[in-house]
file coords_4.tsv (TSV, C-alpha atoms and all ligand atoms)
chain	number	residue	atom	x	y	z
A	23	MET	CA	93.97	116.12	105.34
A	24	THR	CA	96.65	114.57	107.50
A	25	LEU	CA	97.56	116.20	110.78
A	26	ARG	CA	101.07	115.76	112.09
A	27	THR	CA	103.26	117.02	114.89
A	28	ALA	CA	105.38	120.02	113.92
A	29	ALA	CA	109.15	119.53	113.92
A	30	PRO	CA	111.76	122.32	114.32
A	31	GLU	CA	112.12	122.36	110.48
A	32	ASP	CA	108.46	123.45	110.27
A	33	ALA	CA	109.17	126.87	111.81
A	34	ALA	CA	109.05	128.63	108.40
A	35	LEU	CA	105.81	126.85	107.46
A	36	LEU	CA	104.22	127.87	110.77
A	37	ALA	CA	105.29	131.48	110.20
A	38	ASP	CA	103.89	131.42	106.66
A	39	ILE	CA	100.50	130.09	107.78
A	40	HIS	CA	100.47	132.61	110.64
A	41	ALA	CA	101.24	135.49	108.23
A	42	SER	CA	98.34	134.44	106.01
A	43	ALA	CA	95.90	134.59	108.91
A	44	PHE	CA	96.93	137.61	111.02
A	45	PRO	CA	97.65	141.27	110.17
A	46	ALA	CA	101.29	142.00	109.25
A	47	HIS	CA	101.95	143.89	112.49
A	48	GLU	CA	100.98	140.77	114.46
A	49	ALA	CA	103.07	138.35	112.39
A	50	TRP	CA	105.39	135.92	114.16
A	51	ASP	CA	108.48	135.15	112.08
A	52	ALA	CA	110.21	131.80	111.62
A	53	LYS	CA	112.77	132.59	114.30
A	54	THR	CA	109.98	133.23	116.81
A	55	MET	CA	108.25	130.01	115.78
A	56	ALA	CA	111.49	128.05	116.19
A	57	THR	CA	111.95	129.51	119.67
A	58	LEU	CA	108.36	128.65	120.64
A	59	LEU	CA	108.63	125.11	119.25
A	60	GLY	CA	111.80	124.60	121.28
A	61	MET	CA	110.24	125.59	124.61
A	62	PRO	CA	109.70	122.86	127.19
A	63	GLY	CA	106.16	121.50	126.86
A	64	ALA	CA	105.62	122.95	123.38
A	65	LEU	CA	103.41	121.01	120.99
A	66	GLY	CA	102.84	122.13	117.40
A	67	LEU	CA	100.40	120.50	115.00
A	68	VAL	CA	100.12	121.18	111.28
A	69	ALA	CA	97.40	120.25	108.80
A	70	GLY	CA	99.13	119.87	105.46
A	71	GLU	CA	100.34	123.36	104.58
A	72	ALA	CA	97.00	124.91	105.43
A	73	GLY	CA	96.71	125.21	109.20
A	74	MET	CA	98.54	124.99	112.47
A	75	VAL	CA	98.13	125.20	116.22
A	76	LEU	CA	100.87	125.83	118.73
A	77	LEU	CA	100.23	124.69	122.30
A	78	ARG	CA	102.25	124.59	125.49
A	79	LEU	CA	101.86	122.36	128.53
A	80	ALA	CA	103.20	123.37	131.96
A	81	ALA	CA	102.42	120.96	134.81
A	82	ASP	CA	98.73	120.12	134.32
A	83	GLU	CA	97.76	123.41	132.64
A	84	ALA	CA	98.08	124.06	128.92
A	85	GLU	CA	97.67	127.13	126.74
A	86	VAL	CA	97.06	127.88	123.09
A	87	LEU	CA	99.94	130.07	121.92
A	88	THR	CA	98.62	130.57	118.41
A	89	PHE	CA	96.18	128.95	116.03
A	90	ALA	CA	95.52	129.67	112.35
A	91	VAL	CA	94.10	128.29	109.12
A	92	ARG	CA	94.84	129.93	105.77
A	93	PRO	CA	91.83	131.99	104.57
A	94	GLU	CA	91.30	129.83	101.47
A	95	ALA	CA	91.14	126.64	103.57
A	96	ARG	CA	88.65	127.84	106.20
A	97	ARG	CA	85.24	126.33	107.02
A	98	THR	CA	86.33	122.85	105.97
A	99	GLY	CA	86.82	121.55	109.52
A	100	LEU	CA	90.61	121.95	109.71
A	101	GLY	CA	90.51	124.34	112.65
A	102	ARG	CA	88.24	122.03	114.62
A	103	ALA	CA	90.43	119.00	113.80
A	104	LEU	CA	93.61	120.81	114.88
A	105	LEU	CA	92.09	122.04	118.13
A	106	GLU	CA	90.41	118.78	119.09
A	107	THR	CA	93.51	116.71	118.27
A	108	GLY	CA	95.61	119.11	120.33
A	109	MET	CA	93.19	118.82	123.26
A	110	MET	CA	93.30	115.02	123.04
A	111	LEU	CA	97.12	114.93	122.96
A	112	LEU	CA	97.41	117.40	125.84
A	113	ALA	CA	94.95	115.39	127.94
A	114	ALA	CA	96.98	112.24	127.23
A	115	GLN	CA	100.06	114.10	128.50
A	116	GLY	CA	98.32	114.98	131.77
A	117	ALA	CA	96.78	118.39	131.06
A	118	THR	CA	93.55	119.03	132.93
A	119	SER	CA	92.78	122.45	131.47
A	120	LEU	CA	93.49	124.48	128.35
A	121	LEU	CA	93.50	128.28	128.37
A	122	LEU	CA	93.62	130.86	125.59
A	123	GLU	CA	93.07	134.52	124.87
A	124	VAL	CA	90.91	135.59	121.95
A	125	ALA	CA	89.92	139.06	120.76
A	126	GLU	CA	86.34	139.67	121.85
A	127	GLU	CA	85.32	140.56	118.27
A	128	ASN	CA	86.79	137.35	116.79
A	129	THR	CA	83.42	135.67	116.31
A	130	ALA	CA	84.76	132.86	114.10
A	131	ALA	CA	87.28	131.67	116.65
A	132	ILE	CA	84.91	132.16	119.58
A	133	ALA	CA	82.25	130.04	117.83
A	134	LEU	CA	84.80	127.27	117.29
A	135	TYR	CA	86.10	127.44	120.87
A	136	THR	CA	82.59	127.42	122.33
A	137	ALA	CA	81.67	124.37	120.26
A	138	ALA	CA	84.84	122.67	121.54
A	139	GLY	CA	83.77	123.20	125.17
A	140	PHE	CA	85.53	126.44	126.13
A	141	THR	CA	83.84	128.85	128.52
A	142	ARG	CA	84.74	132.39	129.52
A	143	ALA	CA	87.01	132.62	132.57
A	144	ALA	CA	87.72	136.37	132.46
A	145	THR	CA	87.96	139.47	130.28
A	146	ARG	CA	91.38	141.02	129.82
A	147	ARG	CA	90.80	144.67	129.11
A	148	ASP	CA	93.07	146.40	126.57
A	149	TYR	CA	94.97	143.13	126.07
A	150	TYR	CA	95.54	143.83	122.36
A	151	GLY	CA	95.91	147.62	122.79
A	152	ALA	CA	93.64	150.44	123.91
A	153	GLY	CA	90.00	149.43	123.60
A	154	ARG	CA	90.83	145.98	122.23
A	155	HIS	CA	89.80	143.50	124.88
A	156	ALA	CA	90.51	139.77	125.06
A	157	LEU	CA	88.40	137.00	126.48
A	158	LEU	CA	90.26	134.43	128.53
A	159	LEU	CA	88.63	131.11	127.71
A	160	ARG	CA	89.14	127.80	129.49
A	161	ALA	CA	88.34	124.21	128.60
A	162	ASP	CA	88.33	121.33	131.05
A	163	LEU	CA	90.35	118.46	129.60
A	164	GLY	CA	89.80	116.16	132.53
A	165	ALA	CA	86.20	115.30	131.71
B	201	LIG	C1	89.63	130.53	113.84
B	201	LIG	C2	90.10	129.67	112.64
B	201	LIG	C3	91.41	128.98	113.02
B	201	LIG	C4	89.02	128.62	112.34
B	201	LIG	O1	89.52	127.74	111.34
B	201	LIG	P1	88.54	126.92	110.34
B	201	LIG	O2	89.36	125.84	109.74
B	201	LIG	O3	87.85	127.84	109.42
B	201	LIG	O4	87.48	126.30	111.37
B	201	LIG	P2	86.49	125.07	111.08
B	201	LIG	O5	86.20	124.96	109.62
B	201	LIG	O6	87.03	123.86	111.75
B	201	LIG	O7	85.18	125.56	111.83
B	201	LIG	C5	84.66	124.85	112.94
B	201	LIG	C6	83.45	125.59	113.49
B	201	LIG	O8	83.82	126.86	114.03
B	201	LIG	C7	82.78	127.82	113.75
B	201	LIG	N1	83.27	128.82	112.79
B	201	LIG	C8	84.45	128.80	112.12
B	201	LIG	N2	84.55	129.91	111.34
B	201	LIG	C9	83.41	130.63	111.55
B	201	LIG	C10	82.94	131.87	111.04
B	201	LIG	N3	83.64	132.60	110.16
B	201	LIG	N4	81.75	132.30	111.49
B	201	LIG	C11	81.02	131.61	112.36
B	201	LIG	N5	81.40	130.40	112.88
B	201	LIG	C12	82.59	129.94	112.48
B	201	LIG	C13	81.65	127.04	113.13
B	201	LIG	O9	80.84	126.55	114.21
B	201	LIG	C14	82.40	125.92	112.44
B	201	LIG	O10	81.61	124.78	112.20
B	201	LIG	P3	80.74	124.71	110.81
B	201	LIG	O11	81.66	125.10	109.68
B	201	LIG	O12	80.32	123.28	110.78
B	201	LIG	O13	79.62	125.68	111.00
B	201	LIG	C15	90.29	130.56	111.37
B	201	LIG	O14	89.11	131.31	111.16
B	201	LIG	C16	91.46	131.51	111.45
B	201	LIG	O15	92.61	131.14	111.15
B	201	LIG	N6	91.21	132.78	111.82
B	201	LIG	C17	92.27	133.81	111.87
B	201	LIG	C18	93.24	133.54	112.98
B	201	LIG	C19	92.55	133.45	114.33
B	201	LIG	O16	91.63	134.18	114.62
B	201	LIG	N7	93.06	132.52	115.17
B	201	LIG	C20	92.55	132.33	116.52
B	201	LIG	C21	93.14	133.36	117.41
B	201	LIG	S1	92.64	133.15	119.12
call {"tool": "encode", "arguments": {"input": "coords_4.tsv", "output": "structure tokens"}}
result
Amino acid sequence: MTLRTAAPEDAALLADIHASAFPAHEAWDAKTMATLLGMPGALGLVAGEAGMVLLRLAADEAEVLTFAVRPEARRTGLGRALLETGMMLLAAQGATSLLLEVAEENTAAIALYTAAGFTRAATRRDYYGAGRHALLLRADLGA
């Protein structure tokens, strides 16, 4: 499947993929996606209509804002391709590290991130609400 950079017109597609992958109360609508895509340093990638990652670079540090693959398209390597392509593009733009938060019970994402070279930098207690902790993960892009 072809990966491409997301354009402002892709805001609705990003929101649709996001809604398929996260609970309704965590959904980010098209307006939010358009705002995020328009931020300085923002980089969105889409894989067909099945997956997306939204990244942001500030100075030499980058972060994953959101990342999702539709349930029916999972375990086919799309998530890995999106993440690794994003890491490559960020490194080419001068990023030396990539940070993200992930729910500590999100074993699928944590397995993917670990395989891509992320390690735990910290735990953010109650990040997603009472008793729902996040791991702050970091990957070195300078290697
Ligand atoms: C996390 C997510 C993006 C992964 O997308 P994906 O396209 O299924 O990932 P891939 O097929 O590229 O998987 C790559 C590797 O990650 C690991 N992995 C992915 N899903 C896994 C699962 N359910 N259980 C265990 N390992 C998993 C495996 O090591 C896998 O390699 P393998 O299939 O060769 O074993 C997807 O599960 C998703 O959208 N989840 C809901 C949203 C979310 O949690 N986003 C991240 C928030 S921080």
call {"tool": "residues_around", "arguments": {"input": "coords_4.tsv", "residues": "Ala117 in chain A", "least_positions_apart": "2", "cutoff": "8 Å", "atoms": "only C-alpha atoms", "output": "ChimeraX atom specification"}}
result
/A:79,81-84,112-115,119-120,163-164
call {"tool": "residues_near_ligand", "arguments": {"input": "coords_4.tsv", "ligand": "ligand LIG 201 (chain B)", "cutoff": "9 Å", "atoms": "all atoms listed in the file", "output": "PDB file with C-alpha atoms, in the frame of the given file"}}
result
ATOM      1  CA  ILE A  39     100.500 130.090 107.780  1.00  0.00           C
ATOM      2  CA  HIS A  40     100.470 132.610 110.640  1.00  0.00           C
ATOM      3  CA  SER A  42      98.340 134.440 106.010  1.00  0.00           C
ATOM      4  CA  ALA A  43      95.900 134.590 108.910  1.00  0.00           C
ATOM      5  CA  PHE A  44      96.930 137.610 111.020  1.00  0.00           C
ATOM      6  CA  ALA A  72      97.000 124.910 105.430  1.00  0.00           C
ATOM      7  CA  GLY A  73      96.710 125.210 109.200  1.00  0.00           C
ATOM      8  CA  MET A  74      98.540 124.990 112.470  1.00  0.00           C
ATOM      9  CA  VAL A  75      98.130 125.200 116.220  1.00  0.00           C
ATOM     10  CA  VAL A  86      97.060 127.880 123.090  1.00  0.00           C
ATOM     11  CA  LEU A  87      99.940 130.070 121.920  1.00  0.00           C
ATOM     12  CA  THR A  88      98.620 130.570 118.410  1.00  0.00           C
ATOM     13  CA  PHE A  89      96.180 128.950 116.030  1.00  0.00           C
ATOM     14  CA  ALA A  90      95.520 129.670 112.350  1.00  0.00           C
ATOM     15  CA  VAL A  91      94.100 128.290 109.120  1.00  0.00           C
ATOM     16  CA  ARG A  92      94.840 129.930 105.770  1.00  0.00           C
ATOM     17  CA  PRO A  93      91.830 131.990 104.570  1.00  0.00           C
ATOM     18  CA  GLU A  94      91.300 129.830 101.470  1.00  0.00           C
ATOM     19  CA  ALA A  95      91.140 126.640 103.570  1.00  0.00           C
ATOM     20  CA  ARG A  96      88.650 127.840 106.200  1.00  0.00           C
ATOM     21  CA  ARG A  97      85.240 126.330 107.020  1.00  0.00           C
ATOM     22  CA  THR A  98      86.330 122.850 105.970  1.00  0.00           C
ATOM     23  CA  GLY A  99      86.820 121.550 109.520  1.00  0.00           C
ATOM     24  CA  LEU A 100      90.610 121.950 109.710  1.00  0.00           C
ATOM     25  CA  GLY A 101      90.510 124.340 112.650  1.00  0.00           C
ATOM     26  CA  ARG A 102      88.240 122.030 114.620  1.00  0.00           C
ATOM     27  CA  ALA A 103      90.430 119.000 113.800  1.00  0.00           C
ATOM     28  CA  LEU A 104      93.610 120.810 114.880  1.00  0.00           C
ATOM     29  CA  LEU A 105      92.090 122.040 118.130  1.00  0.00           C
ATOM     30  CA  LEU A 122      93.620 130.860 125.590  1.00  0.00           C
ATOM     31  CA  GLU A 123      93.070 134.520 124.870  1.00  0.00           C
ATOM     32  CA  VAL A 124      90.910 135.590 121.950  1.00  0.00           C
ATOM     33  CA  ALA A 125      89.920 139.060 120.760  1.00  0.00           C
ATOM     34  CA  ASN A 128      86.790 137.350 116.790  1.00  0.00           C
ATOM     35  CA  THR A 129      83.420 135.670 116.310  1.00  0.00           C
ATOM     36  CA  ALA A 130      84.760 132.860 114.100  1.00  0.00           C
ATOM     37  CA  ALA A 131      87.280 131.670 116.650  1.00  0.00           C
ATOM     38  CA  ILE A 132      84.910 132.160 119.580  1.00  0.00           C
ATOM     39  CA  ALA A 133      82.250 130.040 117.830  1.00  0.00           C
ATOM     40  CA  LEU A 134      84.800 127.270 117.290  1.00  0.00           C
ATOM     41  CA  TYR A 135      86.100 127.440 120.870  1.00  0.00           C
ATOM     42  CA  THR A 136      82.590 127.420 122.330  1.00  0.00           C
ATOM     43  CA  ALA A 137      81.670 124.370 120.260  1.00  0.00           C
ATOM     44  CA  ALA A 138      84.840 122.670 121.540  1.00  0.00           C
TER      45      ALA A 138
END
call {"tool": "atom_distance", "arguments": {"input": "coords_4.tsv", "atom1": "CA of Ala28 in chain A", "atom2": "CA of Leu65 in chain A"}}
result
7.4 Å
call {"tool": "atom_distance", "arguments": {"input": "coords_4.tsv", "atom1": "CA of Gly139 in chain A", "atom2": "CA of Thr107 in chain A"}}
result
13.6 Å
call {"tool": "atom_distance", "arguments": {"input": "coords_4.tsv", "atom1": "CA of Ala41 in chain A", "atom2": "CA of Ala29 in chain A"}}
result
18.7 Å
call {"tool": "closest_residue", "arguments": {"input": "coords_4.tsv", "among": "A:Leu76, A:Phe140, A:Leu67, A:Asp32", "to": "Leu159 in chain A", "atoms": "all atoms listed in the file"}}
result
A:Phe140
call {"tool": "closest_residue", "arguments": {"input": "coords_4.tsv", "among": "A:Lys53, A:Arg26, A:His155, A:Arg78", "to": "Glu127 in chain A", "atoms": "only C-alpha atoms"}}
result
A:His155
call {"tool": "closest_residue", "arguments": {"input": "coords_4.tsv", "among": "A:Arg142, A:Ala161, A:Ala33, A:Arg147", "to": "Leu121 in chain A", "atoms": "only C-alpha atoms"}}
result
A:Ala161
call {"tool": "build_atoms", "arguments": {"input": "coords_4.tsv", "residues": "range 80-110 of chain A", "atoms": "N, CA and C atoms", "output": "short mmCIF file (atom, residue, chain, number, x, y, z; two decimals), keeping the file's coordinate frame"}}
result
data_model
loop_
_atom_site.label_atom_id
_atom_site.label_comp_id
_atom_site.auth_asym_id
_atom_site.auth_seq_id
_atom_site.Cartn_x
_atom_site.Cartn_y
_atom_site.Cartn_z
N ALA A 80 102.36 123.14 130.78
CA ALA A 80 103.20 123.37 131.96
C ALA A 80 102.47 122.74 133.13
N ALA A 81 103.09 121.76 133.76
CA ALA A 81 102.42 120.96 134.81
C ALA A 81 101.13 120.41 134.23
N ASP A 82 99.97 120.69 134.86
CA ASP A 82 98.73 120.12 134.32
C ASP A 82 97.90 121.16 133.56
N GLU A 83 98.49 122.34 133.33
CA GLU A 83 97.76 123.41 132.64
C GLU A 83 98.40 123.70 131.29
N ALA A 84 97.56 123.81 130.27
CA ALA A 84 98.08 124.06 128.92
C ALA A 84 97.50 125.35 128.39
N GLU A 85 98.18 125.90 127.38
CA GLU A 85 97.67 127.13 126.74
C GLU A 85 97.82 127.03 125.22
N VAL A 86 96.94 127.74 124.54
CA VAL A 86 97.06 127.88 123.09
C VAL A 86 97.91 129.11 122.85
N LEU A 87 99.07 128.93 122.21
CA LEU A 87 99.94 130.07 121.92
C LEU A 87 99.48 130.78 120.66
N THR A 88 99.18 130.00 119.63
CA THR A 88 98.62 130.57 118.41
C THR A 88 97.94 129.46 117.61
N PHE A 89 97.05 129.90 116.71
CA PHE A 89 96.18 128.95 116.03
C PHE A 89 95.70 129.64 114.75
N ALA A 90 95.91 129.01 113.60
CA ALA A 90 95.52 129.67 112.35
C ALA A 90 95.30 128.68 111.22
N VAL A 91 94.35 129.02 110.37
CA VAL A 91 94.10 128.29 109.12
C VAL A 91 94.13 129.32 108.00
N ARG A 92 94.78 128.99 106.89
CA ARG A 92 94.84 129.93 105.77
C ARG A 92 93.41 130.29 105.33
N PRO A 93 93.18 131.55 104.94
CA PRO A 93 91.83 131.99 104.57
C PRO A 93 91.16 131.08 103.54
N GLU A 94 91.92 130.62 102.53
CA GLU A 94 91.30 129.83 101.47
C GLU A 94 90.94 128.41 101.91
N ALA A 95 91.41 128.01 103.09
CA ALA A 95 91.14 126.64 103.57
C ALA A 95 90.14 126.62 104.72
N ARG A 96 89.55 127.77 105.03
CA ARG A 96 88.65 127.84 106.20
C ARG A 96 87.28 127.20 105.93
N ARG A 97 86.59 126.92 107.00
CA ARG A 97 85.24 126.33 107.02
C ARG A 97 85.22 124.96 106.36
N THR A 98 86.32 124.24 106.46
CA THR A 98 86.33 122.85 105.97
C THR A 98 86.62 121.89 107.13
N GLY A 99 86.63 122.42 108.36
CA GLY A 99 86.82 121.55 109.52
C GLY A 99 88.26 121.41 109.99
N LEU A 100 89.19 122.10 109.31
CA LEU A 100 90.61 121.95 109.71
C LEU A 100 90.86 122.54 111.10
N GLY A 101 90.29 123.71 111.35
CA GLY A 101 90.51 124.34 112.65
C GLY A 101 90.01 123.44 113.77
N ARG A 102 88.81 122.92 113.60
CA ARG A 102 88.24 122.03 114.62
C ARG A 102 89.14 120.81 114.81
N ALA A 103 89.60 120.21 113.71
CA ALA A 103 90.43 119.00 113.80
C ALA A 103 91.74 119.30 114.53
N LEU A 104 92.35 120.44 114.21
CA LEU A 104 93.61 120.81 114.88
C LEU A 104 93.39 121.01 116.38
N LEU A 105 92.34 121.75 116.72
CA LEU A 105 92.09 122.04 118.13
C LEU A 105 91.74 120.77 118.90
N GLU A 106 90.85 119.97 118.35
CA GLU A 106 90.41 118.78 119.09
C GLU A 106 91.54 117.76 119.21
N THR A 107 92.37 117.63 118.18
CA THR A 107 93.51 116.71 118.27
C THR A 107 94.49 117.22 119.32
N GLY A 108 94.73 118.53 119.32
CA GLY A 108 95.61 119.11 120.33
C GLY A 108 95.09 118.86 121.73
N MET A 109 93.79 119.03 121.93
CA MET A 109 93.19 118.82 123.26
C MET A 109 93.36 117.36 123.69
N MET A 110 93.18 116.46 122.74
CA MET A 110 93.30 115.02 123.04
C MET A 110 94.76 114.69 123.44
#
